[in-house]
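Beneath this line is the structure, given in C-alpha cells, with notes to follow.
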Amino acid sequence: MEERKRVVLGLGIVVAIFLFVQLAALALVEPFDQVYEPVENPQDPTNTIYYVVAILVATGVMLAAFKLGVDELIRLLVVGSGAWLSLYVFSVLVPPAPLVLGINAIALVGAVAIGVGLYVYPEWYVIDTAGALMGAAGAGLFGISFGVLPALLLLTVLAVYDAISVYGTEHMLTLANGVMDLKVPVVLVIPLTLSYSFLDSDTPDATAQTGAQDDASDDTAATPVADGDGGVAVDADADDSVEGVAEESPLERDALFIGLGDVVIPTVLVASVAHFASEGTPEVLSIPLPALTAMVGSFVGLAVLMRMVLKGRAHAGLPLLNGGTIGGYLVGALLSGLTLIDALGLAPYV
C-alpha cells in the first residue's frame, strides 16, 4: 500500500508538470508569434543544426565549468534564465497592470520572485514551478521557431544523441551529477513522500552503484530518474548491485528526478504542429487534432519510460518520449486528412 501511494504521488506530479508545460506552451504560441520573431525562416531544416550545435556547446561549457570549479557561474546563469523565461510567460498570461520599466508590473514581480526563490530557497516545489514556467516558455518559443519538418528532425536527432550520451559515452551522467549539486531547474524534483525536503536531502549520485555508499539506506537519499539537457533517464541504481548487497528499489527512496529537457523537447513538436500544421484540421477541446494526438503520444512514451525506470534501470528518456510524440502526431495528421508527405513537411522538396 505504501509503495502504491509513492507511485501515485510521483506519477501524479510528473503528469501534472508535463500537462501544464504542454497546455501553457499551446496557449503561448499565438501571443509569442505576434511579439517575437526568433528566426527568419521557421521552415528551414538547417535551424535544427544550429540548435543541436548549441546544445553540444552548452554541454561542453557546463562540463568544463564543473571541472574547473566555477559551477556557481552556471547556477547564476540558470537562475537568471529561469527569471527571464518566467517573465515571458507572465507577460502573456497575467492580467493587464501598470508598467514598470515598460514591463507589466505583475509579470515583473512574478519573475523576480521566481529568481529570488531559486537562489535563496531552492526547495523542490520552487524548482518544479520555475522549471514548468521555463519549459512552457522554451517550448512555445521553439515551437514558433521550428516548422514541422525542422521540429521532427530536432526530436529525431536529440533522441539519438540522448541514447548515445547515456548508453555510449555516458557523459550525460557526469553532467547530471554536477547539475544535481547546483539545485536548479535543469532537473525537476519528483517527491515520493509529502514530507520530502530537497534542501535537507543528500545530493544523489547518478552513477553510484546500489549499496556502494554507506548512506545507501538513508531516508533522505534520492534517485535520479531522468536528467540532462537533452533529456536523460538516469537512476542511482543504474548499475548492477554490488555482489552480496540487496538491490534497493527506487520506490524505497524519497524522490525521483527528471530532466527539464525531457519535458521541453517533445512539447516543441506539439507547439510547432499547433502553429504550423493546424490549418484545416479538426479540433478537439479547442486543440488541433494532430497536436492533441502528439500530446497523447508523449504521455504513452512517458508511461513506458516511467515503468522502465521504476524497475531500477537507467534509460535515455528522449527516444521514448520523442518517439511517442512523433508517432502520435503522425496518427493525428493522417486522421485529419493530411498525406504522409504533407505531415512530414516534405511537400516543398518533392
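By order in the C-alpha cells, chains are A, B, ...; within a chain, residues start at 1; ligands start at 1, following the order shown.
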
Let's see if you can do this: from backbone DSSP, list all strand (DSSP E or B) residues in stretch 5-144 of chain A, as a ChimeraX atom specification.
/A:99-100,103-104

Could the residues in this selection be saved with all heavy atoms as a PDB file, in the first residue's frame?
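Now in again.pdb:
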```
ATOM      1  N   LEU A  99       2.766  49.629 -15.934  1.00  0.00           N
ATOM      2  CA  LEU A  99       4.077  49.238 -16.436  1.00  0.00           C
ATOM      3  C   LEU A  99       5.185  49.758 -15.534  1.00  0.00           C
ATOM      4  O   LEU A  99       5.117  50.864 -15.010  1.00  0.00           O
ATOM      5  CB  LEU A  99       4.280  49.773 -17.855  1.00  0.00           C
ATOM      6  CG  LEU A  99       3.278  49.306 -18.916  1.00  0.00           C
ATOM      7  CD1 LEU A  99       3.645  49.904 -20.268  1.00  0.00           C
ATOM      8  CD2 LEU A  99       3.217  47.787 -18.981  1.00  0.00           C
ATOM      9  N   VAL A 100       6.202  48.922 -15.351  1.00  0.00           N
ATOM     10  CA  VAL A 100       7.419  49.300 -14.640  1.00  0.00           C
ATOM     11  C   VAL A 100       8.582  49.007 -15.582  1.00  0.00           C
ATOM     12  O   VAL A 100       8.802  47.851 -15.963  1.00  0.00           O
ATOM     13  CB  VAL A 100       7.582  48.517 -13.326  1.00  0.00           C
ATOM     14  CG1 VAL A 100       8.907  48.879 -12.661  1.00  0.00           C
ATOM     15  CG2 VAL A 100       6.419  48.801 -12.383  1.00  0.00           C
ATOM     16  N   ILE A 103       7.455  47.129 -18.489  1.00  0.00           N
ATOM     17  CA  ILE A 103       7.059  45.737 -18.287  1.00  0.00           C
ATOM     18  C   ILE A 103       5.854  45.681 -17.367  1.00  0.00           C
ATOM     19  O   ILE A 103       5.759  46.455 -16.398  1.00  0.00           O
ATOM     20  CB  ILE A 103       8.225  44.923 -17.670  1.00  0.00           C
ATOM     21  CG1 ILE A 103       9.470  45.009 -18.560  1.00  0.00           C
ATOM     22  CG2 ILE A 103       7.823  43.469 -17.470  1.00  0.00           C
ATOM     23  CD1 ILE A 103      10.706  44.415 -17.921  1.00  0.00           C
ATOM     24  N   ASN A 104       4.936  44.774 -17.649  1.00  0.00           N
ATOM     25  CA  ASN A 104       3.781  44.555 -16.778  1.00  0.00           C
ATOM     26  C   ASN A 104       4.268  44.339 -15.346  1.00  0.00           C
ATOM     27  O   ASN A 104       5.091  43.469 -15.081  1.00  0.00           O
ATOM     28  CB  ASN A 104       3.010  43.331 -17.280  1.00  0.00           C
ATOM     29  CG  ASN A 104       1.770  43.029 -16.467  1.00  0.00           C
ATOM     30  OD1 ASN A 104       1.834  42.830 -15.254  1.00  0.00           O
ATOM     31  ND2 ASN A 104       0.631  42.963 -17.138  1.00  0.00           N
TER      32      ASN A 104
END
```

Near stretch 343-349 of chain A, counting only C-alpha atoms, which residues have an atom at most 10 Å away, once you skip same-chain residues fewer than 6 positions from it, shown as a ChimeraX atom specification?
/A:43,45,147-153,273,276-277,290,326,329-334,336-337

Using only C-alpha atoms, I'd like a table of the residues in stretch 3-121 of chain A that come within 12 Å of stretch 302-307 of chain A; for each, show the closest atom pair and its distance in Å rounded to one decimal, ordered by chain and ascending number, as a Markdown table.
```
| residue | atom | partner | partner_atom | distance |
| --- | --- | --- | --- | --- |
| A:Val7 | CA | A:Met306 | CA | 9.9 |
| A:Val8 | CA | A:Met306 | CA | 11.8 |
| A:Gly10 | CA | A:Met306 | CA | 10.0 |
| A:Leu11 | CA | A:Met306 | CA | 8.1 |
| A:Gly12 | CA | A:Ala303 | CA | 11.6 |
| A:Val14 | CA | A:Leu302 | CA | 9.1 |
| A:Val15 | CA | A:Leu302 | CA | 8.6 |
| A:Ile17 | CA | A:Leu302 | CA | 12.0 |
| A:Phe18 | CA | A:Leu302 | CA | 9.3 |
| A:Leu19 | CA | A:Leu302 | CA | 11.6 |
```

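We find atom CA of A:Leu289 and atom CA of A:Gly328 to be spaced 10.0 Å apart.
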
Rounded to one decimal, what separation in Å do you get between atom CA of A:Ala130 and atom CA of A:Gly82?
6.2 Å

Given only C-alpha atoms as the basis, pick out the residue of A:Val263, A:Glu30, A:Arg75, A:Val112 nearest to A:Val92.
A:Glu30
